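Student: So that we are looking at the same thing, I have put the structure below in structure tokens.
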Amino acid sequence: MAAENVSRQKICDYYSDKFVVEQLMKNSREREVAGQFWNGTYDKRPNILQYGTDVSQMVRNGVTSFHFSVERWSNPMAIVDEKSYDRLRTGWDLIFDIDSKLGMEESKTAADLICRLLEKYGVKNYGIKFSGRRGFHICIPWTMFPKTIDYKPAARMYPEIPRIIARFVRKNIKHRLMTELIKSKGAKQLIDMLGEVPEKLSPYFFVDVEKDWGNRHMFRAPYSLNEKTWMVSLPISHSQIKGFSIKSAEIDSVLSGHDEEEFFRGEENEAADLVTEAIDWYATVKKEEPKKEKKNVVVWEGRIGEEYFPPCMRNILSGIEDGRKRSIFTLVNFLRMANWQWEEIEQKVLEWNEKNPRPLPRTIVVGQLRWSQRNSRNPANCPPDGDLFYGGTVNVCRPDNICKQGTNDIAIKNPIVYPFKLMKIKRKKKVSRGYTCGVCGKDFKNMRSLNMHKGRSHGYTQDI
């Protein structure tokens with residue numbers, strides 16, 4: 001339906017329908033609302049829908065579609081600048097925005113694959129809606145998410161956590177989506193569309209699954225119109241995706257039959273497993289630290305024995321409850337840099353897995369090992385940079401005097417530095433003809449100098 005074929009009166013009549021107003025009002029709670037005009041510009045922000053009459057008033061002022069914030073706010077009208085975001089944000093929804101240059105059938109394929117993946121991780125009550133043009137929106141509402149993640153308020157982990165989950169989902173459907181696109185269009189036709197042969201063909205050249213959100217990100221509201229087609233952004237179910245026809249999203253079709261399909265629904269913590277898997281995956285593929293940091297990682301030619309391992313590695317090896325996948329990444333790369341043979345690394349990791357209160361399936365461990373064998377990385381830096389690997393629910397960072405180097409905080413940058421600090425102290429103790437500090441390894445000519453150093457640097461009042 002072209003824009004010029006829809007009268008102003010028809011738009012007003014649509015937004016005057018009791019059912020449509022009820023849906024807009026119900027779904028706008030705790031959200032910032034933005035009205036869009038037919039030419040693409042937006043009404044003033046921040047704004048909300050407080051009364052049903054607000055809808056008709058905005059439409060009379062020229063608004064043709066309604067957009068909601070993915071973030072939920074305690075008082076949307078109090079949003080003034082970035083300083084107020086964390087104070088006012090009470091939660092957020094994750095919206096997968098799917099669109100395709102190829103057409104709606106390819107968007108259907110991507111939407112179906114995402115729905116199947118969500119169900120694999122126990123997310124069954126997600127919402128789906130037609131975007132009003134050629135794509136779909138899939139919603140995991142705030143209700144489904146844990147309210148704390150690694151002991152941090154999840155409401156403040158926006159947009160970090162939604163971005164991680166989106167990348168995790170994109171990665172998991174990528175191969176299958178590319179296969180389906182080739183099956184549908186043929187590789188030659190896809191390449192011809194690009195105009196040149198890329199180094200590697202990706203389905204995301206043709207089907208977009210949004211992965212980056214900023215603060216105050218908006219999406220088209222359920223039951224809003226789309227100015228490019230004058231179709232309704234209509235909620236549907238997973239079973240309706242493949243057979244979906246845009247005729248059911250025409251204004252007259254929606255007004256003639258109010259079969260309500262909830263877009264924001266779900267059970268408490270329903271997406272907890274998805275969040276855990278996504279964070280564990282992200283931790284293993286996080287970009288390496290800048291090259292300038294590599295100077296902190298010492299190279300050693302001999303095999304480093306377990307007696308020189310830092311507390312975090314010893315704690316991991318004793319068995320852990322959470323962060324097991326991340327810890328495979330940590331162990332493999334630490335042992336590799338400690339010059340262990342690959343056969344030793346595999347054996348050690350498999351033995352370690354059996355010590356865990358809940359061992360991972362062997363197939364997952366072997367898969368992680370195979371990936372790590374092909375992709376060499378440094379172990380993650382110490383906290384606070386490496387909180388995902390050693391802090392939070394993993395809880396293996398318990399620094400000793402060598403980690404702290406006579407300070408109150410962690411002084412070493414990376415766990416692989418620890419063995420060399422320890423070896424240096426032991427070597428000095430063996431060869432020194434004077435007196436060596438057992439905390440930091442410094443040598444002194446006499447006991448008096450050593451005691452003065454301990455008092456100043458380590459707070460000791462007598463020799464120990």
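Residues are referred to by chain and number: the chain letter is A, B, ... according to the order shown in the structure tokens, the number counts from 1 in that chain, and ligands are numbered separately from 1 in the order shown.
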Show me a table, sorted first by chain and then by increasing residue number, of the residues of range 82-190 of chain A having an atom at most 10 Å from range 28-42 of chain A, each with its shortest atom pair and the distance in Å to one decimal, counting only C-alpha atoms and written as a tab-separated table.

Tutor:
```
residue	atom	partner	partner_atom	distance
A:Arg89	CA	A:Glu30	CA	9.4
A:Thr90	CA	A:Glu30	CA	8.6
A:Gly91	CA	A:Glu30	CA	9.3
A:Trp92	CA	A:Arg31	CA	9.5
```

Student: From the DSSP assignment of the backbone, select every residue of range 73-304 of chain A that is strand (DSSP E), and format the answer as JSON, numbers by chain.

Tutor: {"A": [73, 89, 90, 91, 92, 94, 95, 96, 97, 98, 99, 100, 127, 128, 129, 130, 136, 137, 138, 139, 140, 148, 149, 152, 153, 207, 208, 209, 218, 219, 220, 225, 226, 231, 232, 235, 236]}

Student: Out of A:Gln57, A:Asn125, A:Asn451, A:Ser376, which residue has the shortest atom-to-atom distance to Ser16 in chain A when counting only C-alpha atoms?

Tutor: A:Gln57

Student: Can you list every residue in range 361-452 of chain A that DSSP puts in alpha helix (DSSP H), as a PyMOL selection string?

Tutor: chain A and resi 362-374+387-390+401-404+418-431+447-452

Student: Next, write the just-selected residues to a file, as a PDB file, in the first residue's frame, keeping C-alpha atoms as the atom set.

Tutor:
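What follows is the written file out35.pdb:
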```pdb
ATOM      1  CA  ARG A 362      33.001 -34.438  27.279  1.00  0.00           C
ATOM      2  CA  THR A 363      31.947 -33.341  23.772  1.00  0.00           C
ATOM      3  CA  ILE A 364      31.927 -29.686  24.880  1.00  0.00           C
ATOM      4  CA  VAL A 365      35.339 -29.980  26.562  1.00  0.00           C
ATOM      5  CA  VAL A 366      36.873 -31.682  23.524  1.00  0.00           C
ATOM      6  CA  GLY A 367      35.311 -29.068  21.224  1.00  0.00           C
ATOM      7  CA  GLN A 368      36.808 -26.253  23.315  1.00  0.00           C
ATOM      8  CA  LEU A 369      40.195 -27.989  23.285  1.00  0.00           C
ATOM      9  CA  ARG A 370      40.135 -28.370  19.493  1.00  0.00           C
ATOM     10  CA  TRP A 371      39.239 -24.702  19.075  1.00  0.00           C
ATOM     11  CA  SER A 372      42.025 -23.634  21.447  1.00  0.00           C
ATOM     12  CA  GLN A 373      44.530 -25.837  19.654  1.00  0.00           C
ATOM     13  CA  ARG A 374      43.848 -23.907  16.434  1.00  0.00           C
ATOM     14  CA  ASP A 387      36.809 -10.058  35.993  1.00  0.00           C
ATOM     15  CA  LEU A 388      34.863 -12.322  33.596  1.00  0.00           C
ATOM     16  CA  PHE A 389      37.567 -15.000  33.907  1.00  0.00           C
ATOM     17  CA  TYR A 390      38.649 -14.765  37.533  1.00  0.00           C
ATOM     18  CA  ASN A 401      51.793 -11.462  48.502  1.00  0.00           C
ATOM     19  CA  ILE A 402      53.449 -12.232  45.177  1.00  0.00           C
ATOM     20  CA  CYS A 403      50.334 -11.068  43.290  1.00  0.00           C
ATOM     21  CA  LYS A 404      50.258  -7.852  45.333  1.00  0.00           C
ATOM     22  CA  TYR A 418      53.409 -14.963  38.626  1.00  0.00           C
ATOM     23  CA  PRO A 419      55.719 -18.007  38.124  1.00  0.00           C
ATOM     24  CA  PHE A 420      58.633 -15.780  37.122  1.00  0.00           C
ATOM     25  CA  LYS A 421      58.187 -13.574  40.169  1.00  0.00           C
ATOM     26  CA  LEU A 422      58.136 -16.658  42.387  1.00  0.00           C
ATOM     27  CA  MET A 423      61.151 -18.249  40.677  1.00  0.00           C
ATOM     28  CA  LYS A 424      63.096 -15.006  41.045  1.00  0.00           C
ATOM     29  CA  ILE A 425      62.410 -14.927  44.789  1.00  0.00           C
ATOM     30  CA  LYS A 426      63.440 -18.566  45.246  1.00  0.00           C
ATOM     31  CA  ARG A 427      66.572 -18.100  43.168  1.00  0.00           C
ATOM     32  CA  LYS A 428      67.589 -15.072  45.207  1.00  0.00           C
ATOM     33  CA  LYS A 429      67.052 -16.950  48.450  1.00  0.00           C
ATOM     34  CA  LYS A 430      69.432 -19.646  47.236  1.00  0.00           C
ATOM     35  CA  VAL A 431      72.315 -17.466  46.004  1.00  0.00           C
ATOM     36  CA  MET A 447      69.111  -7.765  58.979  1.00  0.00           C
ATOM     37  CA  ARG A 448      68.611  -4.180  60.177  1.00  0.00           C
ATOM     38  CA  SER A 449      68.054  -2.950  56.601  1.00  0.00           C
ATOM     39  CA  LEU A 450      65.714  -5.846  55.915  1.00  0.00           C
ATOM     40  CA  ASN A 451      63.607  -5.112  59.016  1.00  0.00           C
ATOM     41  CA  MET A 452      63.392  -1.415  58.156  1.00  0.00           C
TER      42      MET A 452
END
```

Student: Work out how far CA of Asn339 in chain A is from CA of Ile304 in chain A, in Å to one decimal.

Tutor: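 Atom-to-atom, CA of Ile304 in chain A and CA of Asn339 in chain A are spaced 6.7 Å apart.
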
Student: I'd like a table as JSON lines: residues in range 170-272 of chain A with an atom no more than 10 Å from range 145-153 of chain A, each row giving the shortest atom pair and its distance in Å to one decimal, only C-alpha atoms counted, sorted by chain and rising residue number.

Tutor:
```
{"residue": "A:Gly266", "atom": "CA", "partner": "A:Phe145", "partner_atom": "CA", "distance": 9.6}
{"residue": "A:Glu267", "atom": "CA", "partner": "A:Phe145", "partner_atom": "CA", "distance": 9.1}
{"residue": "A:Glu268", "atom": "CA", "partner": "A:Phe145", "partner_atom": "CA", "distance": 7.1}
{"residue": "A:Asn269", "atom": "CA", "partner": "A:Phe145", "partner_atom": "CA", "distance": 4.9}
{"residue": "A:Glu270", "atom": "CA", "partner": "A:Phe145", "partner_atom": "CA", "distance": 6.7}
{"residue": "A:Ala271", "atom": "CA", "partner": "A:Phe145", "partner_atom": "CA", "distance": 5.4}
{"residue": "A:Ala272", "atom": "CA", "partner": "A:Pro146", "partner_atom": "CA", "distance": 5.9}
```

Student: Store the residues picked out above, limited to N, CA and C atoms, as an mmCIF file, in the first residue's frame.

Tutor:
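What landed in selection_6.cif:
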```
data_model
loop_
_atom_site.group_PDB
_atom_site.id
_atom_site.type_symbol
_atom_site.label_atom_id
_atom_site.label_comp_id
_atom_site.auth_asym_id
_atom_site.auth_seq_id
_atom_site.Cartn_x
_atom_site.Cartn_y
_atom_site.Cartn_z
ATOM 1 N N GLY A 266 6.629 -13.771 28.954
ATOM 2 C CA GLY A 266 7.761 -14.557 29.416
ATOM 3 C C GLY A 266 7.704 -14.820 30.897
ATOM 4 N N GLU A 267 8.492 -15.810 31.326
ATOM 5 C CA GLU A 267 8.550 -16.196 32.728
ATOM 6 C C GLU A 267 9.859 -15.719 33.348
ATOM 7 N N GLU A 268 9.852 -15.576 34.652
ATOM 8 C CA GLU A 268 11.029 -15.107 35.375
ATOM 9 C C GLU A 268 12.243 -15.981 35.064
ATOM 10 N N ASN A 269 13.359 -15.316 34.726
ATOM 11 C CA ASN A 269 14.655 -15.975 34.495
ATOM 12 C C ASN A 269 14.632 -17.018 33.378
ATOM 13 N N GLU A 270 13.671 -16.927 32.493
ATOM 14 C CA GLU A 270 13.568 -17.905 31.410
ATOM 15 C C GLU A 270 14.800 -17.868 30.496
ATOM 16 N N ALA A 271 15.456 -16.718 30.414
ATOM 17 C CA ALA A 271 16.613 -16.581 29.521
ATOM 18 C C ALA A 271 17.942 -16.726 30.255
ATOM 19 N N ALA A 272 17.927 -17.246 31.476
ATOM 20 C CA ALA A 272 19.162 -17.328 32.279
ATOM 21 C C ALA A 272 20.227 -18.177 31.598
#
```

Student: By how many Å are CA of Gln240 in chain A and CA of Leu117 in chain A apart?

Tutor: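 Computing it gives 16.9 Å between the two atoms.
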
Student: Could you give me, as an mmCIF file with C-alpha atoms, in the first residue's frame, the residues within 10 Å of Lys247 in chain A, counting only C-alpha atoms and dropping anything in the same chain fewer than 6 positions from it?

Tutor:
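So the final result, stored in around36.cif, reads:
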```cif
data_model
loop_
_atom_site.group_PDB
_atom_site.id
_atom_site.type_symbol
_atom_site.label_atom_id
_atom_site.label_comp_id
_atom_site.auth_asym_id
_atom_site.auth_seq_id
_atom_site.Cartn_x
_atom_site.Cartn_y
_atom_site.Cartn_z
ATOM 1 C CA MET A 231 1.043 -2.028 7.079
ATOM 2 C CA VAL A 232 0.591 -2.803 10.763
ATOM 3 C CA SER A 253 -7.600 -6.907 8.237
ATOM 4 C CA VAL A 254 -6.334 -5.893 11.674
#
```

Student: Neighbouring residues of Leu88 in chain A were defined as those with any atom within 8 Å, considering only C-alpha atoms; residues of the same chain fewer than 5 positions away were excluded. Please report them as number ranges by chain.

Tutor: A: 73-76, 78-79

Student: Provide the CA of Met25 in chain A to CA of Val55 in chain A distance in Å, to one decimal place.

Tutor: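 Answer for the CA of Met25 in chain A to CA of Val55 in chain A separation: 8.4 Å.
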
Student: Using only C-alpha atoms, which residue out of A:Asn356, A:Asn395, A:Gln50, A:Gln9 lies closest to Leu24 in chain A?

Tutor: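 Among the listed residues, the smallest separation from Leu24 in chain A belongs to A:Gln50.
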
Student: For Leu194 in chain A, which residue out of A:Ser327, A:Asn333, A:Lys101, A:Ser256 is the nearest one, using only C-alpha atoms?

Tutor: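 Of A:Ser327, A:Asn333, A:Lys101, A:Ser256, the one nearest Leu194 in chain A, counting only C-alpha atoms, is A:Lys101.
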
Student: Please identify all polymer residues within 9 Å of Pro359 in chain A, counting only C-alpha atoms, omitting same-chain residues fewer than 6 positions from it, and present them as a list in words.

Tutor: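 Surrounding residues, per the criterion: Glu321, Arg324, Trp352 and Asn353 of chain A.
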
Student: Keeping only C-alpha atoms, write the selected residues as a PDB file, in the first residue's frame.

Tutor:
```pdb
ATOM      1  CA  GLU A 321      30.981 -24.431  39.979  1.00  0.00           C
ATOM      2  CA  ARG A 324      33.711 -23.710  33.442  1.00  0.00           C
ATOM      3  CA  TRP A 352      40.127 -31.063  35.862  1.00  0.00           C
ATOM      4  CA  ASN A 353      36.645 -31.352  34.333  1.00  0.00           C
TER       5      ASN A 353
END
```

Student: Looking at only C-alpha atoms, which of A:Phe130, A:Trp213, A:Tyr223, A:Phe206 is the one that sits closest to Ser245 in chain A?

Tutor: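 The shortest atom-to-atom distance to Ser245 in chain A comes from A:Phe130.
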
Student: Could you name the residues that touch Leu190 in chain A at 10 Å or less, counting only C-alpha atoms, but leaving out those on the same chain fewer than 5 positions away, as a list in words?

Tutor: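 Answer for this query is Leu102, Leu181, Ile182, Ser184, Lys185, Gly195, Val197, Leu201, Pro203, Phe205 and Phe206 of chain A.
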
Student: Within 12 Å of Gly214 in chain A, counting only C-alpha atoms, which residues show up once you throw out same-chain ones fewer than 4 positions away? Write them as a list in words, please.

Tutor: Ser69, Val70, Glu71, Glu82, Tyr85, Trp92, Met157, Tyr158, Pro159, Glu160, Ile161, Pro162, Arg163, Glu210 and Met218 of chain A

Student: Nearest to Met104 in chain A among A:Glu351, A:Val59, A:Lys242, A:Phe19, with distances taken over only C-alpha atoms: which residue is it?

Tutor: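 That would be A:Lys242, the residue with the smallest distance to Met104 in chain A.
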
Student: Which residue, A:Val21, A:Ile316, A:Val6, A:Leu274, has the smallest gap to Thr53 in chain A when you use only C-alpha atoms?

Tutor: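 The answer is A:Val21, which sits nearest to Thr53 in chain A.
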